[in-house]
file data09.csv (CSV, C-alpha atoms)
chain,number,residue,atom,x,y,z
P,118,MET,CA,13.9,2.3,62.2
P,119,THR,CA,15.1,-1.3,61.6
P,120,GLN,CA,16.8,-2.9,64.5
P,121,PRO,CA,20.2,-4.6,63.9
P,122,PRO,CA,20.1,-8.4,63.8
P,123,ARG,CA,20.6,-10.2,67.1
P,124,ARG,CA,23.9,-12.1,67.0
P,125,SER,CA,24.1,-15.7,68.1
P,126,ALA,CA,26.3,-16.7,71.0
P,127,ILE,CA,28.5,-18.7,68.6
P,128,ALA,CA,28.9,-15.8,66.2
P,129,ILE,CA,29.9,-13.5,69.1
P,130,ALA,CA,32.4,-16.0,70.5
P,131,LEU,CA,34.0,-16.6,67.1
P,132,ALA,CA,34.2,-12.9,66.4
P,133,GLY,CA,35.9,-12.4,69.8
P,134,LEU,CA,38.3,-15.3,69.0
P,135,VAL,CA,39.3,-13.7,65.7
P,136,ALA,CA,39.6,-10.2,67.2
P,137,LEU,CA,41.9,-11.4,70.0
P,138,ALA,CA,43.9,-13.5,67.5
P,139,VAL,CA,44.6,-10.3,65.6
P,140,ALA,CA,45.1,-8.1,68.6
P,141,MET,CA,47.4,-10.4,70.6
P,142,GLY,CA,48.7,-13.0,68.2
P,143,ILE,CA,49.7,-10.4,65.7
P,144,GLY,CA,49.5,-6.9,67.2
P,145,ARG,CA,51.3,-7.9,70.4
P,146,PHE,CA,53.3,-11.0,69.7
P,147,ALA,CA,54.1,-11.2,66.0
P,148,PHE,CA,57.3,-9.4,67.0
P,149,THR,CA,58.5,-12.5,69.0
P,150,PRO,CA,58.9,-15.0,66.1
P,151,ILE,CA,60.1,-12.2,63.8
P,152,LEU,CA,62.8,-11.0,66.1
P,153,PRO,CA,65.3,-13.8,65.1
P,154,MET,CA,64.7,-12.9,61.5
P,155,MET,CA,65.3,-9.2,62.2
P,156,GLN,CA,68.5,-10.1,64.0
P,157,GLU,CA,69.7,-11.8,60.8
P,158,ASP,CA,68.6,-9.4,58.1
P,159,ALA,CA,68.2,-6.0,59.9
P,160,GLY,CA,71.0,-6.2,62.5
P,161,VAL,CA,68.7,-5.9,65.5
P,162,SER,CA,70.5,-6.7,68.7
P,163,ILE,CA,68.9,-8.3,71.8
P,164,ALA,CA,69.1,-4.8,73.5
P,165,MET,CA,67.3,-3.2,70.5
P,166,GLY,CA,64.8,-6.0,70.7
P,167,GLY,CA,64.2,-5.2,74.3
P,168,TRP,CA,63.5,-1.6,73.5
P,169,LEU,CA,61.1,-2.5,70.7
P,170,ALA,CA,59.3,-4.9,73.0
P,171,SER,CA,59.0,-2.3,75.7
P,172,SER,CA,57.8,0.3,73.3
P,173,ASN,CA,54.9,-2.0,72.5
P,174,TYR,CA,54.2,-2.6,76.2
P,175,VAL,CA,54.3,1.2,76.9
P,176,GLY,CA,51.6,1.6,74.3
P,177,TYR,CA,49.7,-1.3,75.8
P,178,LEU,CA,49.8,0.5,79.2
P,179,LEU,CA,48.6,3.8,77.7
P,180,GLY,CA,45.8,2.0,75.9
P,181,ALA,CA,44.6,0.3,79.1
P,182,LEU,CA,44.7,3.6,81.0
P,183,SER,CA,42.8,5.4,78.2
P,184,VAL,CA,39.9,2.9,78.7
P,185,ILE,CA,39.4,4.3,82.2
P,186,TRP,CA,39.8,7.9,81.2
P,187,ARG,CA,37.8,8.1,78.0
P,188,ARG,CA,34.2,7.2,77.1
P,189,VAL,CA,34.2,5.0,74.0
P,190,ARG,CA,31.6,2.6,72.7
P,191,ALA,CA,33.1,-0.9,72.9
P,192,THR,CA,32.3,-1.9,69.4
P,193,THR,CA,33.8,1.3,68.0
P,194,ALA,CA,37.0,0.8,70.1
P,195,VAL,CA,37.3,-2.8,68.8
P,196,ARG,CA,37.0,-1.7,65.2
P,197,ALA,CA,39.4,1.2,65.6
P,198,GLY,CA,41.9,-1.1,67.3
P,199,LEU,CA,41.7,-3.8,64.6
P,200,VAL,CA,42.3,-1.2,61.8
P,201,THR,CA,45.2,0.3,63.7
P,202,ILE,CA,46.9,-3.1,64.3
P,203,GLY,CA,46.6,-4.0,60.6
P,204,LEU,CA,48.1,-0.8,59.4
P,205,ALA,CA,50.8,-0.6,62.0
P,206,THR,CA,51.9,-4.2,61.4
P,207,LEU,CA,52.0,-3.7,57.6
P,208,ALA,CA,54.0,-0.5,58.1
P,209,MET,CA,56.7,-2.4,60.0
P,210,GLY,CA,57.6,-4.1,56.7
P,211,LEU,CA,57.6,-0.8,54.7
P,212,GLU,CA,59.7,1.3,57.1
P,213,HIS,CA,63.3,0.6,58.2
P,214,ARG,CA,64.1,3.4,60.6
P,215,PHE,CA,64.4,2.2,64.2
P,216,ILE,CA,62.7,5.3,65.7
P,217,VAL,CA,59.7,4.7,63.4
P,218,TRP,CA,59.6,1.0,64.4
P,219,LEU,CA,59.4,2.2,68.1
P,220,SER,CA,56.5,4.4,67.3
P,221,LEU,CA,54.7,1.7,65.3
P,222,ARG,CA,55.1,-0.9,68.0
P,223,ALA,CA,53.8,1.6,70.6
P,224,LEU,CA,50.8,2.3,68.4
P,225,ALA,CA,50.1,-1.4,68.0
P,226,GLY,CA,50.3,-1.8,71.8
P,227,VAL,CA,47.6,0.9,72.4
P,228,ALA,CA,45.3,-0.7,69.9
P,229,SER,CA,45.9,-4.2,71.3
P,230,ALA,CA,44.9,-3.1,74.8
P,231,TRP,CA,41.7,-1.6,73.4
P,232,VAL,CA,40.8,-4.8,71.7
P,233,LEU,CA,41.6,-7.1,74.6
P,234,ILE,CA,39.7,-5.0,77.2
P,235,TYR,CA,36.7,-4.2,75.1
P,236,VAL,CA,36.3,-7.6,73.5
P,237,SER,CA,36.7,-9.2,77.0
P,238,ALA,CA,34.0,-7.0,78.5
P,239,TRP,CA,31.7,-7.0,75.5
P,240,CYS,CA,31.8,-10.7,74.8
P,241,LEU,CA,31.6,-11.8,78.4
P,242,GLU,CA,28.5,-9.7,79.0
P,243,ARG,CA,26.8,-10.7,75.8
P,244,LEU,CA,27.5,-14.4,76.3
P,245,ALA,CA,26.2,-14.2,79.9
P,246,ALA,CA,23.0,-12.5,78.6
P,247,LEU,CA,22.5,-15.2,76.0
P,248,GLY,CA,23.0,-17.9,78.7
P,249,ARG,CA,26.3,-19.2,77.1
P,250,PRO,CA,29.1,-18.0,79.5
P,251,ALA,CA,31.1,-21.2,78.9
P,252,LEU,CA,31.8,-19.9,75.4
P,253,SER,CA,34.2,-17.3,76.9
P,254,SER,CA,36.8,-20.0,76.7
P,255,THR,CA,36.4,-19.9,72.9
P,256,VAL,CA,36.9,-16.2,72.9
P,257,PHE,CA,40.1,-16.3,74.8
P,258,ALA,CA,41.4,-19.2,72.8
P,259,GLY,CA,41.8,-16.6,70.0
P,260,VAL,CA,45.1,-15.4,71.6
P,261,GLY,CA,46.7,-18.8,71.4
P,262,ALA,CA,45.3,-19.3,67.9
P,263,GLY,CA,46.8,-16.0,66.7
P,264,ILE,CA,50.2,-16.8,68.3
P,265,ALA,CA,50.2,-20.3,66.7
P,266,ILE,CA,49.3,-18.9,63.3
P,267,ALA,CA,51.8,-16.1,63.4
P,268,GLY,CA,54.5,-18.5,64.6
P,269,ALA,CA,53.7,-21.0,61.9
P,270,LEU,CA,53.8,-18.4,59.2
P,271,CYS,CA,57.1,-17.1,60.3
P,272,LEU,CA,58.5,-20.6,60.4
P,273,ALA,CA,57.3,-21.2,56.8
P,274,LEU,CA,58.8,-17.9,55.8
P,275,MET,CA,62.2,-18.7,57.4
P,276,HIS,CA,62.1,-22.0,55.6
P,277,ALA,CA,61.5,-20.2,52.3
P,278,HIS,CA,64.4,-17.8,53.2
P,279,ALA,CA,62.1,-14.8,53.3
P,280,ASP,CA,63.3,-11.8,55.3
P,281,SER,CA,61.6,-10.0,58.2
P,282,THR,CA,60.2,-7.3,55.9
P,283,ARG,CA,58.1,-10.0,54.1
P,284,ALA,CA,57.0,-11.4,57.4
P,285,TRP,CA,55.6,-8.1,58.6
P,286,VAL,CA,53.8,-7.4,55.4
P,287,VAL,CA,52.2,-10.9,55.3
P,288,LEU,CA,51.0,-10.7,58.9
P,289,GLY,CA,49.8,-7.1,58.4
P,290,ALA,CA,47.8,-8.2,55.4
P,291,LEU,CA,46.4,-11.2,57.3
P,292,SER,CA,45.3,-9.1,60.2
P,293,ILE,CA,43.4,-6.8,57.8
P,294,VAL,CA,41.7,-9.7,56.1
P,295,LEU,CA,40.6,-11.3,59.4
P,296,SER,CA,39.4,-7.9,60.7
P,297,ILE,CA,37.2,-7.5,57.6
P,298,GLY,CA,35.7,-10.9,58.3
P,299,VAL,CA,34.4,-10.0,61.8
P,300,TRP,CA,33.7,-6.4,61.1
P,301,PRO,CA,29.9,-6.8,60.8
P,302,VAL,CA,29.6,-8.5,64.3
P,303,PHE,CA,31.2,-5.5,65.9
P,304,GLY,CA,28.6,-3.2,64.3
P,305,SER,CA,27.2,-0.1,65.8
P,306,GLY,CA,24.1,-2.0,66.8
P,307,GLY,CA,26.0,-4.3,69.1
P,308,ALA,CA,26.4,-2.0,72.0
P,309,THR,CA,25.6,-3.2,75.5
P,310,PRO,CA,25.3,-1.3,78.8
P,311,THR,CA,29.0,-2.1,79.5
P,312,SER,CA,30.1,-0.7,76.2
P,313,ALA,CA,28.3,2.6,76.7
P,314,GLU,CA,28.9,3.1,80.4
P,315,PRO,CA,30.2,6.5,81.5
P,316,PRO,CA,33.7,7.0,83.0
P,317,ALA,CA,32.2,7.1,86.5
P,318,LYS,CA,30.9,3.5,86.1
P,319,ARG,CA,34.5,2.5,85.2
P,320,ALA,CA,36.0,3.8,88.4
P,321,VAL,CA,37.6,1.0,90.4
P,322,ALA,CA,36.6,0.4,94.0
P,323,TRP,CA,40.0,0.1,95.5
P,324,ASP,CA,39.2,-2.4,98.2
P,325,ARG,CA,41.6,-5.0,99.4
P,326,GLU,CA,40.5,-7.7,96.9
P,327,SER,CA,40.7,-5.4,93.9
P,328,VAL,CA,44.2,-4.3,94.9
P,329,ARG,CA,45.3,-7.9,95.4
P,330,LEU,CA,44.0,-8.8,91.9
P,331,VAL,CA,45.8,-5.9,90.3
P,332,LEU,CA,49.1,-6.6,92.0
P,333,CYS,CA,49.1,-10.3,91.2
P,334,TYR,CA,48.1,-9.6,87.6
P,335,GLY,CA,51.0,-7.2,87.3
P,336,ALA,CA,53.3,-9.9,88.7
P,337,PHE,CA,52.0,-12.2,86.0
P,338,GLY,CA,52.9,-9.6,83.4
P,339,PHE,CA,56.4,-9.4,84.6
P,340,GLY,CA,56.8,-13.2,85.1
P,341,TYR,CA,55.7,-14.3,81.7
P,342,ILE,CA,57.0,-11.6,79.4
P,343,ILE,CA,60.6,-12.6,79.4
P,344,PRO,CA,60.0,-16.1,77.9
P,345,ALA,CA,57.1,-14.7,75.8
P,346,THR,CA,59.4,-12.2,74.2
P,347,PHE,CA,62.7,-14.1,73.9
P,348,LEU,CA,61.9,-17.8,73.7
P,349,PRO,CA,62.7,-18.1,69.9
P,350,VAL,CA,65.9,-16.1,70.5
P,351,MET,CA,66.9,-18.4,73.4
P,352,ALA,CA,66.2,-21.4,71.2
P,353,LYS,CA,68.2,-19.9,68.4
P,354,GLN,CA,71.2,-19.6,70.7
P,355,VAL,CA,71.1,-23.4,71.3
P,356,VAL,CA,70.2,-24.6,67.8
P,357,ARG,CA,70.7,-22.4,64.7
P,358,ASP,CA,68.4,-24.4,62.4
P,359,PRO,CA,65.2,-22.4,62.0
P,360,LEU,CA,63.3,-25.7,61.5
P,361,VAL,CA,64.1,-26.5,65.1
P,362,PHE,CA,64.2,-23.2,67.0
P,363,GLY,CA,61.3,-21.8,65.0
P,364,TRP,CA,58.9,-24.4,66.5
P,365,SER,CA,59.1,-22.8,70.0
P,366,TRP,CA,56.6,-20.0,69.2
P,367,PRO,CA,53.9,-22.1,67.4
P,368,MET,CA,54.1,-24.6,70.3
P,369,PHE,CA,53.6,-21.7,72.7
P,370,GLY,CA,50.5,-20.6,70.8
P,371,ALA,CA,49.1,-24.1,70.5
P,372,ALA,CA,49.5,-24.7,74.2
P,373,ALA,CA,47.8,-21.4,74.9
P,374,MET,CA,44.8,-22.2,72.7
P,375,GLY,CA,44.5,-25.8,73.9
P,376,SER,CA,44.7,-25.0,77.6
P,377,THR,CA,42.1,-22.2,77.3
P,378,LEU,CA,39.6,-24.6,75.7
P,379,ALA,CA,40.5,-27.4,78.2
P,380,THR,CA,39.8,-25.0,81.1
P,381,ALA,CA,36.1,-25.0,80.2
P,382,MET,CA,35.9,-28.6,81.3
P,383,LEU,CA,37.4,-27.7,84.7
P,384,ARG,CA,34.9,-25.0,85.7
P,385,SER,CA,32.7,-27.4,87.6
P,386,LEU,CA,35.6,-28.9,89.5
P,387,VAL,CA,38.0,-26.1,90.3
P,388,SER,CA,37.3,-22.5,91.2
P,389,THR,CA,38.5,-19.6,89.0
P,390,ARG,CA,40.9,-18.5,91.8
P,391,ARG,CA,42.4,-21.9,92.2
P,392,LEU,CA,43.0,-22.2,88.5
P,393,TRP,CA,44.7,-18.8,88.6
P,394,ILE,CA,47.0,-19.9,91.5
P,395,ALA,CA,47.9,-23.2,89.9
P,396,SER,CA,48.7,-21.5,86.6
P,397,HIS,CA,51.1,-19.1,88.3
P,398,LEU,CA,53.0,-22.1,89.8
P,399,VAL,CA,53.1,-24.0,86.6
P,400,MET,CA,54.3,-20.9,84.7
P,401,ALA,CA,57.0,-20.3,87.3
P,402,PHE,CA,58.3,-23.8,86.8
P,403,GLY,CA,58.3,-23.3,83.0
P,404,VAL,CA,60.1,-20.0,83.3
P,405,VAL,CA,63.0,-21.3,85.4
P,406,LEU,CA,63.3,-24.7,83.5
P,407,PRO,CA,65.8,-23.5,80.9
P,408,VAL,CA,68.1,-22.3,83.8
P,409,ILE,CA,68.1,-25.6,85.7
P,410,TRP,CA,68.2,-27.8,82.6
P,411,PRO,CA,69.9,-25.9,79.7
P,412,GLY,CA,69.1,-27.1,76.2
P,413,ILE,CA,66.6,-27.1,73.4
P,414,ALA,CA,64.3,-29.7,75.1
P,415,ALA,CA,63.9,-27.5,78.2
P,416,ILE,CA,63.2,-24.4,76.0
P,417,MET,CA,60.5,-26.3,74.2
P,418,LEU,CA,59.0,-27.6,77.5
P,419,ALA,CA,59.1,-24.0,78.8
P,420,ALA,CA,57.1,-22.9,75.7
P,421,LEU,CA,54.5,-25.5,76.6
P,422,PHE,CA,54.3,-24.6,80.3
P,423,VAL,CA,54.3,-20.9,79.8
P,424,GLY,CA,52.1,-21.0,76.7
P,425,GLY,CA,49.8,-23.4,78.4
P,426,THR,CA,49.1,-21.1,81.4
P,427,PHE,CA,49.4,-17.5,80.3
P,428,MET,CA,46.0,-17.4,78.6
P,429,VAL,CA,44.4,-19.3,81.4
P,430,ILE,CA,45.6,-16.6,83.8
P,431,THR,CA,44.4,-13.9,81.4
P,432,MET,CA,40.9,-15.5,81.2
P,433,THR,CA,40.6,-16.3,84.9
P,434,GLY,CA,41.9,-12.8,85.8
P,435,MET,CA,39.2,-11.2,83.7
P,436,GLN,CA,36.6,-13.5,85.1
P,437,GLU,CA,37.7,-12.7,88.7
P,438,ALA,CA,37.5,-9.0,87.8
P,439,ARG,CA,33.9,-9.5,86.7
P,440,ASN,CA,33.1,-11.5,89.9
P,441,VAL,CA,34.7,-8.9,92.2
P,442,ALA,CA,33.7,-5.7,90.5
P,443,GLY,CA,30.3,-6.5,89.0
P,444,ALA,CA,29.0,-3.4,87.2
P,445,HIS,CA,32.5,-1.8,87.4
P,446,ALA,CA,34.1,-4.8,85.7
P,447,THR,CA,35.4,-2.8,82.7
P,448,GLY,CA,37.3,-0.4,85.0
P,449,LEU,CA,38.9,-3.2,87.0
P,450,MET,CA,39.8,-5.1,83.8
P,451,ALA,CA,41.5,-1.9,82.6
P,452,ALA,CA,43.3,-1.6,85.9
P,453,LEU,CA,44.5,-5.3,85.7
P,454,THR,CA,45.7,-4.7,82.1
P,455,SER,CA,47.5,-1.5,83.2
P,456,ALA,CA,49.3,-3.4,86.0
P,457,PHE,CA,50.1,-6.2,83.5
P,458,ALA,CA,51.6,-3.7,81.1
P,459,LEU,CA,53.8,-2.2,83.8
P,460,GLY,CA,55.1,-5.6,84.7
P,461,GLN,CA,55.9,-6.5,81.1
P,462,ILE,CA,57.6,-3.1,80.5
P,463,VAL,CA,60.1,-3.9,83.2
P,464,GLY,CA,60.8,-7.5,82.0
P,465,PRO,CA,62.4,-6.7,78.6
P,466,LEU,CA,64.3,-3.7,80.1
P,467,ILE,CA,65.9,-6.1,82.6
P,468,VAL,CA,66.9,-8.4,79.8
P,469,SER,CA,68.3,-5.5,77.9
P,470,TYR,CA,70.3,-4.3,80.9
P,471,VAL,CA,71.6,-7.9,81.6
P,472,ALA,CA,72.5,-8.3,77.9
P,473,ALA,CA,74.3,-5.0,77.8
P,474,ALA,CA,76.3,-6.0,81.0
P,475,GLY,CA,77.4,-9.2,79.2
P,476,GLY,CA,75.0,-11.6,81.1
P,477,GLY,CA,72.5,-14.0,79.7
P,478,PHE,CA,68.8,-14.7,80.4
P,479,ALA,CA,69.4,-16.8,83.5
P,480,VAL,CA,69.2,-14.1,86.1
P,481,ALA,CA,66.1,-12.5,84.6
P,482,LEU,CA,64.4,-15.9,84.4
P,483,VAL,CA,65.1,-16.7,88.1
P,484,ILE,CA,63.7,-13.3,89.2
P,485,ALA,CA,60.6,-13.9,87.1
P,486,CYS,CA,60.1,-17.3,88.6
P,487,ALA,CA,60.3,-15.9,92.2
P,488,VAL,CA,57.8,-13.1,91.4
P,489,LEU,CA,55.3,-15.7,90.1
P,490,VAL,CA,55.7,-17.9,93.2
P,491,VAL,CA,55.1,-15.0,95.6
P,492,SER,CA,52.1,-13.8,93.6
P,493,ALA,CA,50.6,-17.3,93.7
P,494,TYR,CA,50.9,-17.2,97.5
P,495,GLU,CA,49.3,-13.8,97.7
P,496,LEU,CA,46.3,-15.0,95.7
P,497,SER,CA,45.6,-17.9,98.0
call {"tool": "encode", "arguments": {"input": "data09.csv", "output": "structure tokens"}}
result
Amino acid sequence: MTQPPRRSAIAIALAGLVALAVAMGIGRFAFTPILPMMQEDAGVSIAMGGWLASSNYVGYLLGALSVIWRRVRATTAVRAGLVTIGLATLAMGLEHRFIVWLSLRALAGVASAWVLIYVSAWCLERLAALGRPALSSTVFAGVGAGIAIAGALCLALMHAHADSTRAWVVLGALSIVLSIGVWPVFGSGGATPTSAEPPAKRAVAWDRESVRLVLCYGAFGFGYIIPATFLPVMAKQVVRDPLVFGWSWPMFGAAAMGSTLATAMLRSLVSTRRLWIASHLVMAFGVVLPVIWPGIAAIMLAALFVGGTFMVITMTGMQEARNVAGAHATGLMAALTSAFALGQIVGPLIVSYVAAAGGGFAVALVIACAVLVVSAYELS
């Protein structure tokens, strides 16, 4: 029987980059730059936007939990997740009932969790085995790249006066094309011990350090999700011109991609834990900045501060899980992602509640800032 070809470290890293760009940049966060468009042409309110966002995050939570409960080959889960994201995103532009939108966003959330967890575990293990662990920064840069691409496409579509339906269809088609491009890398021959490990190997050893990581990663999910969901909407409230407010999300993605790649140069100078702590504090400042300095400039700076740290935290969190759990890393990664999902479910619901009560974003942003500061202290 012919053995499958051995993939190079660069091919694995690039495939991981593209997979995370599809899963997170489109499957998770395409909704963020499209929401202002849906407000204009589909009558979606901020409260409705909060429910759509939370539906995606509930799916993300269920997807993360299913990684612990079910035995699935990593490469199979990645392929299934990519297909699901492409079809669910495309369907958002073909369907116009709110209840169906809720279901599609939840389905995309499940698939995004599969791809993030399994790509993280699979790529980190493969790159370590090939002696190229530093390329993990390239893998996680895919999230920022996907966000930047999705944001730029939505900006171009707004400039062309296209509606939200067209945006969903274009991004759905793009995700399918990108998934086809990396499909061979995630072939059946790419399994590793991690990808085939039984559920018992995924059980989390709930010692003090594991619990601390899970709680702080959950705090990160709550702290970042409010600006990550509503930055373009906040910018639109200040400046109506899409050529101005539309730049907030591409800037967020570009900052996420650039900071992830730059982190690779700091590995020899700063520990992973210290990077995580510093990123929480920088993010906290970015989250509260529009409250203490209202205006479009503060919102754009918030996009840079939050975007420039959220993928660093994701990457360092996954690396810390691997350092702490060793052979059980996939299970701890799934637990971190589950806590993250719980945190980001609560965030948009708080915004929806405040909006329904006639308030703005300020109270929710202050709470998010406080949670991030406390979690940074707990990590130290």
call {"tool": "closest_residue", "arguments": {"input": "data09.csv", "among": "P:Thr206, P:Thr192, P:Thr433, P:Ser183", "to": "Cys240 in chain P", "atoms": "only C-alpha atoms"}}
result
P:Thr192
call {"tool": "closest_residue", "arguments": {"input": "data09.csv", "among": "P:Trp300, P:Tyr494, P:Trp239, P:Phe215", "to": "Arg390 in chain P", "atoms": "only C-alpha atoms"}}
result
P:Tyr494
call {"tool": "residues_around", "arguments": {"input": "data09.csv", "residues": "Arg283 in chain P", "least_positions_apart": "4", "cutoff": "8 Å", "atoms": "only C-alpha atoms", "output": "list of chain:residue names"}}
result
P:Gly210, P:Ala279, P:Val287
call {"tool": "residues_around", "arguments": {"input": "data09.csv", "residues": "Ala479 in chain P", "least_positions_apart": "4", "cutoff": "9 Å", "atoms": "all atoms listed in the file", "output": "list of chain:residue names"}}
result
P:Val405, P:Pro407, P:Val408, P:Val483, P:Ile484
call {"tool": "atom_distance", "arguments": {"input": "data09.csv", "atom1": "CA of Ile266 in chain P", "atom2": "CA of Ser376 in chain P"}}
result
16.2 Å
